[in-house]
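File shown: upload_20.cif (mmCIF, C-alpha atoms).
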data_input
#
loop_
_atom_site.label_atom_id
_atom_site.label_comp_id
_atom_site.auth_asym_id
_atom_site.auth_seq_id
_atom_site.Cartn_x
_atom_site.Cartn_y
_atom_site.Cartn_z
CA MET A 1 75.78 108.58 109.18
CA THR A 2 79.12 107.04 108.18
CA SER A 3 78.62 108.10 104.54
CA LEU A 4 77.76 111.66 105.60
CA LEU A 5 80.84 111.79 107.81
CA LEU A 6 83.01 110.60 104.93
CA ALA A 7 81.52 113.36 102.76
CA VAL A 8 82.48 115.93 105.41
CA ILE A 9 86.02 114.50 105.52
CA TYR A 10 86.23 114.86 101.73
CA LEU A 11 85.02 118.44 101.98
CA ALA A 12 87.59 119.20 104.68
CA PHE A 13 90.31 117.87 102.39
CA THR A 14 88.99 120.12 99.62
CA SER A 15 89.60 123.04 101.98
CA LEU A 16 93.18 121.84 102.42
CA GLY A 17 93.82 122.19 98.69
CA LEU A 18 92.25 125.60 98.22
CA PRO A 19 95.08 127.75 99.65
CA ASP A 20 97.97 125.71 98.24
CA SER A 21 97.81 126.74 94.59
CA LEU A 22 97.06 130.45 94.97
CA LEU A 23 100.60 131.75 95.42
CA GLY A 24 101.98 130.12 92.29
CA SER A 25 99.10 131.41 90.18
CA ALA A 26 99.20 134.95 91.52
CA TRP A 27 102.94 135.46 92.01
CA PRO A 28 103.84 136.80 88.54
CA THR A 29 101.36 139.64 89.23
CA MET A 30 102.03 139.98 92.97
CA GLN A 31 105.75 140.26 92.34
CA GLY A 32 105.28 143.29 90.10
CA ALA A 33 102.77 144.91 92.45
CA MET A 34 105.10 144.63 95.45
CA GLY A 35 108.30 145.38 93.55
CA VAL A 36 110.28 142.34 94.72
CA PRO A 37 112.40 139.77 92.81
CA SER A 38 110.75 136.60 91.52
CA SER A 39 112.75 134.45 93.98
CA TYR A 40 110.92 136.08 96.92
CA ALA A 41 108.02 133.70 96.28
CA GLY A 42 110.27 131.08 97.81
CA TYR A 43 110.45 132.98 101.10
CA VAL A 44 106.66 133.06 101.38
CA SER A 45 106.39 129.40 100.42
CA MET A 46 109.17 128.53 102.87
CA THR A 47 107.44 130.31 105.76
CA ILE A 48 104.13 128.58 105.05
CA SER A 49 105.83 125.19 104.81
CA PHE A 50 107.91 125.74 107.96
CA MET A 51 104.75 126.32 109.99
CA THR A 52 103.23 123.22 108.43
CA ILE A 53 106.28 121.22 109.52
CA VAL A 54 105.77 122.45 113.08
CA SER A 55 102.10 121.45 113.13
CA SER A 56 102.92 118.08 111.47
CA LEU A 57 105.45 117.22 114.18
CA LEU A 58 102.89 118.17 116.82
CA SER A 59 100.16 116.12 115.13
CA PRO A 60 100.82 112.75 116.88
CA ARG A 61 100.28 114.42 120.28
CA LEU A 62 97.27 116.35 118.99
CA ILE A 63 95.74 113.16 117.56
CA GLN A 64 96.16 111.46 120.94
CA ARG A 65 94.77 114.39 122.92
CA PHE A 66 91.98 115.87 120.80
CA ALA A 67 89.15 114.54 118.67
CA THR A 68 89.77 114.76 114.92
CA LYS A 69 86.75 117.04 114.47
CA TRP A 70 88.32 119.80 116.60
CA ILE A 71 91.65 119.53 114.80
CA VAL A 72 89.79 119.95 111.50
CA ILE A 73 87.77 122.98 112.60
CA VAL A 74 90.64 124.87 114.24
CA SER A 75 92.92 124.15 111.28
CA ILE A 76 90.44 125.44 108.70
CA ALA A 77 89.86 128.57 110.81
CA LEU A 78 93.61 129.24 110.80
CA THR A 79 93.78 129.00 107.00
CA VAL A 80 90.84 131.42 106.73
CA LEU A 81 92.80 133.89 108.85
CA GLY A 82 95.83 133.46 106.59
CA LEU A 83 93.83 133.95 103.38
CA ILE A 84 92.12 137.08 104.66
CA GLY A 85 95.51 138.41 105.78
CA PHE A 86 96.98 137.83 102.32
CA SER A 87 94.04 139.62 100.72
CA CYS A 88 94.76 142.68 102.87
CA SER A 89 98.53 142.67 102.31
CA SER A 90 100.12 145.59 100.51
CA GLN A 91 103.75 144.91 101.50
CA PHE A 92 105.89 141.81 101.29
CA GLY A 93 106.42 141.69 105.07
CA MET A 94 102.68 141.33 105.60
CA LEU A 95 102.70 138.20 103.44
CA LEU A 96 105.35 136.66 105.71
CA LEU A 97 103.32 137.55 108.81
CA PHE A 98 100.10 135.97 107.56
CA SER A 99 102.01 132.96 106.26
CA LEU A 100 102.21 131.81 109.90
CA PRO A 101 98.52 130.89 110.41
CA TYR A 102 98.31 130.02 106.69
CA GLY A 103 100.81 127.18 107.16
CA LEU A 104 100.00 126.26 110.75
CA GLY A 105 96.48 125.26 109.73
CA ALA A 106 97.63 122.76 107.11
CA GLY A 107 99.86 120.23 108.88
CA SER A 108 97.62 118.96 111.67
CA ILE A 109 94.47 118.56 109.58
CA ASP A 110 96.48 116.75 106.90
CA ALA A 111 98.09 114.32 109.34
CA ALA A 112 94.91 113.77 111.39
CA LEU A 113 92.68 112.98 108.42
CA ASN A 114 95.33 110.85 106.71
CA HIS A 115 95.84 108.88 109.93
CA TYR A 116 92.11 108.40 110.38
CA VAL A 117 91.46 107.26 106.79
CA ALA A 118 94.60 105.07 106.62
CA ASN A 119 93.41 103.16 109.70
CA HIS A 120 89.72 102.91 108.82
CA TYR A 121 89.36 102.82 105.03
CA SER A 122 90.81 101.21 101.90
CA VAL A 123 93.45 102.66 99.57
CA ARG A 124 90.64 103.56 97.16
CA VAL A 125 89.05 105.83 99.77
CA MET A 126 92.47 107.32 100.53
CA ASN A 127 92.96 108.17 96.85
CA PHE A 128 89.48 109.69 96.61
CA LEU A 129 90.31 111.72 99.71
CA HIS A 130 93.39 113.19 98.04
CA CYS A 131 91.41 113.62 94.85
CA PHE A 132 89.31 116.16 96.73
CA TYR A 133 92.50 117.93 97.76
CA GLY A 134 93.21 118.24 94.03
CA LEU A 135 89.69 119.57 93.47
CA GLY A 136 90.32 122.40 95.92
CA ALA A 137 93.72 123.08 94.38
CA VAL A 138 92.19 123.26 90.87
CA ILE A 139 89.41 125.64 91.92
CA SER A 140 91.59 128.33 93.49
CA PRO A 141 93.87 129.12 90.49
CA ASN A 142 90.74 129.68 88.42
CA ILE A 143 89.35 131.94 91.15
CA MET A 144 92.63 133.85 90.96
CA ALA A 145 92.44 134.00 87.16
CA LEU A 146 88.96 135.56 87.43
CA ALA A 147 90.22 138.03 90.00
CA LEU A 148 93.14 139.06 87.77
CA LYS A 149 90.74 139.55 84.88
CA TYR A 150 88.00 141.50 86.66
CA ALA A 151 89.62 142.86 89.84
CA ARG A 152 93.04 142.41 91.55
CA TRP A 153 95.07 139.54 92.94
CA ASN A 154 93.94 140.55 96.47
CA GLU A 155 90.36 139.65 95.53
CA GLY A 156 91.49 136.18 94.51
CA TYR A 157 92.60 135.52 98.07
CA ARG A 158 89.46 137.18 99.47
CA TRP A 159 87.09 135.13 97.30
CA THR A 160 88.93 131.92 98.22
CA ALA A 161 88.60 132.85 101.91
CA LEU A 162 84.83 133.12 101.45
CA VAL A 163 84.71 129.60 99.99
CA GLN A 164 86.83 128.39 102.91
CA ILE A 165 84.46 130.04 105.40
CA GLY A 166 81.56 128.18 103.78
CA ILE A 167 83.37 124.86 104.25
CA LEU A 168 84.16 125.78 107.86
CA ILE A 169 80.49 126.43 108.57
CA ILE A 170 79.52 123.05 107.10
CA CYS A 171 82.17 121.31 109.25
CA ILE A 172 80.83 123.04 112.36
CA LEU A 173 77.26 122.03 111.52
CA SER A 174 78.42 118.42 111.02
CA LEU A 175 79.83 118.05 114.55
CA PRO A 176 76.96 115.72 115.64
CA LEU A 177 78.02 113.22 112.96
CA TRP A 178 81.23 112.55 114.85
CA LYS A 179 79.24 111.28 117.85
CA ALA A 180 78.56 108.14 115.84
CA VAL A 181 82.30 107.53 115.54
CA ASP A 182 84.26 105.77 118.25
CA GLN A 183 86.79 108.47 119.02
CA ALA A 184 88.84 106.01 121.01
CA ASP A 185 89.77 104.50 117.64
CA ASP A 186 91.12 107.86 116.55
CA SER A 187 93.77 108.10 119.22
CA ASP A 188 96.51 105.54 119.79
CA THR A 189 97.19 105.71 123.51
CA ASP A 190 100.18 103.38 123.04
CA ALA A 191 101.57 105.24 120.04
CA ALA A 192 105.36 105.26 119.83
CA GLY A 193 107.56 108.31 120.18
CA ILE A 194 109.40 109.92 117.31
CA ARG A 195 112.86 108.61 118.31
CA GLU A 196 111.58 105.04 118.58
CA THR A 197 109.72 105.36 115.28
CA LEU A 198 112.83 106.50 113.40
CA GLN A 199 114.53 103.21 114.34
CA VAL A 200 111.87 101.09 112.63
CA PRO A 201 113.26 99.54 109.39
CA GLY A 202 112.13 101.41 106.27
CA VAL A 203 110.85 104.53 108.02
CA VAL A 204 113.84 106.76 107.21
CA PHE A 205 113.78 105.68 103.55
CA THR A 206 110.10 106.61 103.25
CA LEU A 207 110.82 109.98 104.84
CA ILE A 208 113.50 110.74 102.23
CA ALA A 209 111.16 109.55 99.47
CA PHE A 210 108.42 111.83 100.80
CA PHE A 211 110.90 114.70 100.88
CA ALA A 212 111.77 114.08 97.22
CA TYR A 213 108.14 113.73 96.16
CA CYS A 214 107.03 116.98 97.77
CA ALA A 215 110.14 118.81 96.57
CA GLY A 216 109.02 118.13 92.99
CA GLU A 217 105.34 118.68 93.71
CA ALA A 218 105.84 122.01 95.50
CA THR A 219 108.22 123.23 92.79
CA CYS A 220 105.44 122.60 90.28
CA PHE A 221 102.90 124.32 92.51
CA LEU A 222 104.97 127.47 92.76
CA TRP A 223 106.76 127.74 89.42
CA THR A 224 104.52 126.23 86.71
CA SER A 225 102.92 129.55 85.78
CA SER A 226 106.31 131.25 85.89
CA TYR A 227 107.74 128.50 83.64
CA PHE A 228 105.22 129.33 80.93
CA ALA A 229 105.77 133.06 81.43
CA GLY A 230 109.53 132.62 81.04
CA THR A 231 109.70 130.07 78.21
CA LYS A 232 106.62 130.66 76.03
CA GLU A 233 105.50 133.83 74.27
CA GLY A 234 102.23 135.51 73.31
CA MET A 235 100.10 134.54 76.33
CA SER A 236 98.00 136.79 78.54
CA GLN A 237 98.43 137.07 82.32
CA GLU A 238 95.09 135.36 82.83
CA LEU A 239 96.10 132.37 80.67
CA ILE A 240 99.47 132.07 82.43
CA ALA A 241 97.75 132.16 85.83
CA SER A 242 95.33 129.41 84.78
CA PHE A 243 98.28 127.12 83.99
CA GLY A 244 98.83 126.92 87.72
CA SER A 245 95.92 124.48 87.81
CA LEU A 246 97.57 121.96 85.43
CA ILE A 247 99.45 120.07 88.15
CA PHE A 248 96.44 120.13 90.47
CA GLY A 249 94.11 118.94 87.70
CA GLY A 250 96.54 116.11 87.00
CA LEU A 251 96.73 115.23 90.70
CA MET A 252 92.95 115.06 90.91
CA PHE A 253 92.70 112.97 87.73
CA GLY A 254 95.45 110.57 88.82
CA ARG A 255 93.86 110.04 92.22
CA LEU A 256 90.44 109.55 90.67
CA ILE A 257 91.81 106.84 88.40
CA SER A 258 93.67 105.21 91.30
CA GLY A 259 90.51 105.34 93.40
CA LEU A 260 88.63 103.42 90.69
CA ILE A 261 91.28 100.69 90.49
CA PRO A 262 90.40 97.59 92.61
CA ASP A 263 92.00 97.26 96.04
CA GLN A 264 93.81 94.14 94.86
CA ILE A 265 96.32 96.42 93.11
CA ARG A 266 98.78 97.07 95.90
CA ASP A 267 100.05 100.50 96.92
CA GLU A 268 103.56 99.74 95.66
CA LYS A 269 102.34 99.01 92.12
CA ARG A 270 100.21 102.16 92.04
CA ILE A 271 103.28 104.20 92.98
CA ARG A 272 105.49 102.60 90.32
CA ILE A 273 102.91 103.25 87.60
CA GLY A 274 102.55 106.84 88.80
CA LEU A 275 106.31 107.44 88.66
CA ALA A 276 106.42 106.09 85.09
CA VAL A 277 103.67 108.52 84.01
CA GLU A 278 105.46 111.39 85.79
CA ALA A 279 108.67 110.56 83.89
CA LEU A 280 106.78 110.68 80.58
CA GLY A 281 105.44 114.14 81.47
CA ILE A 282 108.95 115.41 82.23
CA VAL A 283 110.18 114.14 78.84
CA LEU A 284 107.34 115.98 77.04
CA ILE A 285 108.27 119.27 78.72
CA LEU A 286 111.92 118.76 77.75
CA ILE A 287 111.01 118.37 74.07
CA SER A 288 108.23 120.99 74.00
CA GLY A 289 110.38 123.86 72.71
CA SER A 290 108.19 126.89 72.08
CA HIS A 291 104.97 124.81 71.82
CA TYR A 292 103.08 125.51 75.01
CA VAL A 293 100.40 122.88 74.28
CA ILE A 294 102.97 120.07 74.54
CA ALA A 295 104.29 121.59 77.78
CA MET A 296 100.71 121.79 79.08
CA LEU A 297 100.26 118.09 78.39
CA GLY A 298 103.59 117.39 80.10
CA PHE A 299 102.64 119.17 83.31
CA LEU A 300 99.23 117.50 83.26
CA LEU A 301 100.92 114.08 83.00
CA ILE A 302 103.34 114.96 85.79
CA GLY A 303 100.37 115.75 88.04
CA THR A 304 98.55 112.59 86.94
CA GLY A 305 101.59 110.46 87.72
CA MET A 306 102.13 112.14 91.07
CA GLY A 307 98.46 111.60 91.94
CA PRO A 308 98.54 108.15 93.58
CA ILE A 309 102.01 108.49 95.15
CA TYR A 310 101.20 110.64 98.21
CA PRO A 311 98.02 108.81 99.33
CA SER A 312 99.51 105.37 98.65
CA ILE A 313 102.62 106.00 100.75
CA GLN A 314 100.48 107.18 103.66
CA HIS A 315 97.99 104.34 103.28
CA MET A 316 100.87 101.86 103.60
CA ALA A 317 101.86 103.16 107.05
CA PRO A 318 99.54 100.99 109.23
CA ASP A 319 100.20 97.90 107.08
CA HIS A 320 103.98 98.29 106.91
CA PHE A 321 104.70 99.67 110.37
CA GLY A 322 101.69 98.67 112.52
CA LYS A 323 99.08 100.76 114.29
CA LYS A 324 101.47 101.61 117.12
CA TYR A 325 103.69 103.50 114.70
CA SER A 326 100.97 104.72 112.31
CA ALA A 327 100.37 108.20 113.78
CA PRO A 328 104.06 109.09 114.36
CA VAL A 329 105.08 107.72 110.94
CA ILE A 330 102.42 109.78 109.18
CA GLY A 331 103.35 112.85 111.23
CA LEU A 332 107.02 112.38 110.36
CA GLN A 333 106.14 111.81 106.71
CA MET A 334 104.19 115.05 106.69
CA ALA A 335 107.09 116.92 108.30
CA SER A 336 109.59 115.42 105.84
CA ALA A 337 107.29 116.25 102.94
CA TYR A 338 107.00 119.86 104.01
CA ILE A 339 110.75 120.17 104.46
CA GLY A 340 110.92 119.38 100.75
CA SER A 341 108.12 121.86 100.12
CA THR A 342 109.86 124.49 102.23
CA PHE A 343 113.35 124.53 100.80
CA MET A 344 113.38 123.01 97.33
CA PRO A 345 111.10 125.55 95.55
CA THR A 346 113.27 128.28 97.10
CA VAL A 347 116.45 126.55 95.90
CA PHE A 348 114.92 126.39 92.44
CA GLY A 349 114.10 130.09 92.66
CA PHE A 350 117.79 130.90 93.02
CA LEU A 351 118.76 128.29 90.43
CA GLN A 352 116.42 129.68 87.78
CA GLN A 353 117.71 133.21 88.35
CA ASN A 354 121.18 132.03 87.28
CA ALA A 355 120.46 129.18 84.87
CA GLY A 356 117.03 130.20 83.55
CA ILE A 357 113.65 128.72 84.36
CA GLY A 358 114.01 126.34 81.42
CA VAL A 359 115.96 123.95 83.71
CA MET A 360 112.75 123.15 85.61
CA PRO A 361 112.09 119.72 83.96
CA LEU A 362 115.65 118.58 84.78
CA TYR A 363 115.16 119.71 88.37
CA LEU A 364 111.94 117.67 88.57
CA ALA A 365 113.65 114.62 87.07
CA VAL A 366 116.23 114.55 89.88
CA PHE A 367 113.54 114.33 92.58
CA ALA A 368 111.46 111.78 90.65
CA ALA A 369 114.55 109.53 90.51
CA MET A 370 115.16 110.02 94.25
CA ASN A 371 111.54 109.21 95.02
CA PHE A 372 111.73 105.94 93.08
CA ALA A 373 115.10 104.85 94.52
CA PHE A 374 114.33 105.45 98.19
CA LEU A 375 110.87 103.87 98.01
CA GLU A 376 112.37 100.73 96.48
CA TRP A 377 114.95 100.62 99.27
CA ALA A 378 112.15 101.08 101.82
CA TYR A 379 110.17 98.14 100.39
CA ARG A 380 113.22 95.88 100.60
CA SER A 381 114.09 96.99 104.12
CA ILE A 382 110.52 96.40 105.33
CA ALA A 383 110.31 93.00 103.60
CA LYS A 384 113.64 91.93 105.11
CA SER A 385 112.52 93.05 108.57
CA GLN A 386 109.21 91.18 108.27
CA LEU A 387 111.02 88.06 107.05
CA LEU A 388 113.43 88.16 109.98
CA ARG A 389 110.57 88.76 112.41
CA THR A 390 108.60 85.81 110.94
CA GLY A 391 111.64 83.54 111.09
CA TRP A 392 112.32 84.51 114.72
CA THR A 393 108.69 83.77 115.62
CA MET A 394 108.80 80.36 113.92
CA THR A 395 112.01 79.34 115.72
CA ARG A 396 110.29 80.10 119.00
#
Take the structure I supplied and represent it as structure tokens, if you would.
Amino acid sequence: MTSLLLAVIYLAFTSLGLPDSLLGSAWPTMQGAMGVPSSYAGYVSMTISFMTIVSSLLSPRLIQRFATKWIVIVSIALTVLGLIGFSCSSQFGMLLLFSLPYGLGAGSIDAALNHYVANHYSVRVMNFLHCFYGLGAVISPNIMALALKYARWNEGYRWTALVQIGILIICILSLPLWKAVDQADDSDTDAAGIRETLQVPGVVFTLIAFFAYCAGEATCFLWTSSYFAGTKEGMSQELIASFGSLIFGGLMFGRLISGLIPDQIRDEKRIRIGLAVEALGIVLILISGSHYVIAMLGFLLIGTGMGPIYPSIQHMAPDHFGKKYSAPVIGLQMASAYIGSTFMPTVFGFLQQNAGIGVMPLYLAVFAAMNFAFLEWAYRSIAKSQLLRTGWTMTR
């Protein structure tokens, strides 16, 4: 029963990845169809992310009040509504309207499942969990590429909604599996409040690091296809759209590798290795020139390096901050991450209009450096706090 439940959790995380990569893949075509500037993709992305921030901040209360299974089902249903709405949209304003349920469905399921797995499973399981997010995010750009080849971009959203509905049905049918789980474990009745949590040493640094990580990740999600369209020549729309899956394929590959590494390799080391691989990918894009194959490899390496960072930071929460702070820390991390996702791709949209989209690798390098610096400060702050706490206990 436990193995079947874990399979359902993996499938639910696949559904989380399906909607995330569609906009970046379809936007070069959607932009022309709706007659709006390229930077308008940032407004759609910002609206989706803002709603995800709202649901992430609400997640600690939801985790305390409701069983995880209901959070999962309602959240997937909301994303289905958003996808269907996008498929029916003929004007830009309609995209903004349906971005509300589109984003609202993401935050709570993300925080609830991350909290559950962080408290009940190893870092390897956490990486496999996020690997399935990458699987969903790889599938949808290819669905969109097929739609652009044989139909319209609207069909790409409609076909993805059908896949999402299938996952929703499976999650509903799996409800009896959750009876075998002690739901009391899922909710921390003594969980701390947000204000108290922010005062815990190291928390604020991890929030800034999460902001930086997702700023770079979301910029890649939204602008990778546009980067190839703006810097390389002689490629079809279908091929450009398929490049949207490079980052997601790298994320999935990086998390798969991290999931196969023994648990003895600590989260901190996994993150440092990932950041080194990400830096190598950025360098390859910088030197790629007009050779799109080198740039492809660069984006793939960026995704591979990013792969273990997100799940490892969240897996550290119970160990570094304790179970009392686990749910609010993860909720705050999600909110901070989506603030980066909300604003930084939009900022890049305006930047590339003035400086050219070729500055994208430099933009990514800034956030990779921030991610590294603030995580290192967080580790030191946490270690110092634990040392002081241990010394105080010994003197007593």
Revision key, fill the gap. Atom CA of Met51 of chain A sits from atom CA of Ile309 of chain A at a separation of 23.4 Å
Review point. Using only C-alpha atoms, which residues sit within 7 Å of Phe98 of chain A once same-chain residues fewer than 5 positions away are excluded, as a ChimeraX atom specification?
Key: /A:82,85-86
Please write the residues from the selection above to a file, keeping C-alpha atoms, as a compact mmCIF listing (two decimals), in the frame of the given file.
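Everything below was put into part_39.txt:
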# COMPACT_ATOMS: atom_id res chain seq x y z
CA GLY A 82 95.83 133.46 106.59
CA GLY A 85 95.51 138.41 105.78
CA PHE A 86 96.98 137.83 102.32
Exercise for review: Measure the distance from atom CA of Ile165 of chain A to atom CA of Ile9 of chain A in Å and round it to one decimal.
Suggested key: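 Atom CA of Ile165 of chain A sits 15.6 Å away from atom CA of Ile9 of chain A.
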Check your understanding: A:Ala137, A:Leu222, A:Cys171, A:Ala276: which is nearest Lys69 of chain A, counting all atoms listed in the file?
Key ->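 Residue with the minimum atom-to-atom distance to Lys69 of chain A: A:Cys171.
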I'd like the neighbourhood of segment 52-54 of chain A as a JSON list (two decimals) with C-alpha atoms, keeping the file's coordinate frame, where a residue qualifies if any of its atoms comes within 9 Å (using all atoms listed in the file), though same-chain residues fewer than 5 positions away should be ignored.
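Heads up, here's the output in part25.json:
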[["chain", "number", "residue", "atom", "x", "y", "z"],
["A", 47, "THR", "CA", 107.44, 130.31, 105.76],
["A", 59, "SER", "CA", 100.16, 116.12, 115.13],
["A", 100, "LEU", "CA", 102.21, 131.81, 109.90],
["A", 102, "TYR", "CA", 98.31, 130.02, 106.69],
["A", 103, "GLY", "CA", 100.81, 127.18, 107.16],
["A", 104, "LEU", "CA", 100.00, 126.26, 110.75],
["A", 105, "GLY", "CA", 96.48, 125.26, 109.73],
["A", 106, "ALA", "CA", 97.63, 122.76, 107.11],
["A", 107, "GLY", "CA", 99.86, 120.23, 108.88],
["A", 108, "SER", "CA", 97.62, 118.96, 111.67],
["A", 332, "LEU", "CA", 107.02, 112.38, 110.36],
["A", 334, "MET", "CA", 104.19, 115.05, 106.69],
["A", 335, "ALA", "CA", 107.09, 116.92, 108.30],
["A", 336, "SER", "CA", 109.59, 115.42, 105.84],
["A", 337, "ALA", "CA", 107.29, 116.25, 102.94],
["A", 338, "TYR", "CA", 107.00, 119.86, 104.01],
["A", 339, "ILE", "CA", 110.75, 120.17, 104.46],
["A", 342, "THR", "CA", 109.86, 124.49, 102.23]]
Check your understanding: By how many Å are atom CA of Met360 of chain A and atom CA of Ala373 of chain A apart?
Key ->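 Taking atom CA of Met360 of chain A as the start and atom CA of Ala373 of chain A as the end point, the length is 20.5 Å.
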Practice item. Measuring atom to atom with only C-alpha atoms, identify which of A:Thr224, A:Asn127, A:Thr68, A:Ser45 is nearest to Ser99 of chain A. Key: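 Ranked by minimum distance to Ser99 of chain A, first place goes to A:Ser45.
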Practice item. Run the PyMOL selection byres ((chain A and resi 129) around 10) against the file shown and list the residues it catches, as a list in words. Key: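 When the PyMOL selection byres ((chain A and resi 129) around 10) is applied, the selected residues are Leu6, Ala7, Ile9, Tyr10, Leu11, Ala12, Phe13, Thr14, Leu113, Asn114, Val117, Val123, Arg124, Val125, Met126, Asn127, Phe128, His130, Cys131, Phe132, Tyr133, Gly134, Met252, Arg255, Leu256, Gly259 and Pro311 of chain A.
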Review point. Out of A:Ile84, A:Cys220, A:Val74, A:Val329, which residue has the shortest atom-to-atom distance to Ala317 of chain A when counting only C-alpha atoms?
Key: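 Looking only at the distances to Ala317 of chain A, the closest residue turns out to be A:Val329.
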Check your understanding: Once you count all atoms listed in the file, which residues end up no further than 9 Å from (94.8, 123.8, 96.2) in the file's frame, shown as a PyMOL selection string?
Key -> chain A and resi 14-22+133-141+221+245+248
Practice item. Enumerate, as a ChimeraX atom specification, the protein, DNA and RNA residues whose atoms approach (112.2, 126.0, 97.7) to within 8 Å, taking into account all atoms listed in the file and the coordinate frame of the file. Key: /A:42-43,45-46,215,218-219,340-349
**Study point:** Minimum-distance residue to Leu275 of chain A, chosen among A:Gly331, A:Gly322, A:Pro361, A:Pro308 (using all atoms listed in the file)
**Key:**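 Counting all atoms listed in the file, the residue closest to Leu275 of chain A is A:Pro308.
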Revision key, fill the gap. With distances taken over all atoms listed in the file, the candidate from A:Ile357, A:Ala161, A:Ala26, A:Leu175 nearest Ala67 of chain A is A:Leu175
Exercise for review: Extract, using only C-alpha atoms, all DNA, RNA and protein residues at most 10 Å from Pro60 of chain A, discarding same-chain residues fewer than 2 positions from it, and format them as a list in words.
Suggested key: Ser55, Ser56, Leu57, Leu58, Leu62, Ile63, Gln64, Arg65, Ser108, Ala111, Ala112, His115, Ser187, Asp188, Ala191, Ala192, Gly193, Ile194, Tyr325, Ser326, Ala327, Pro328, Val329, Ile330, Gly331 and Leu332 of chain A
Review point. What does the PyMOL selection byres ((chain A and resi 200-209) around 6) select in this file, as a ChimeraX atom specification?
Key: /A:197-199,210-212,333,336,371,374-375,378,381-382
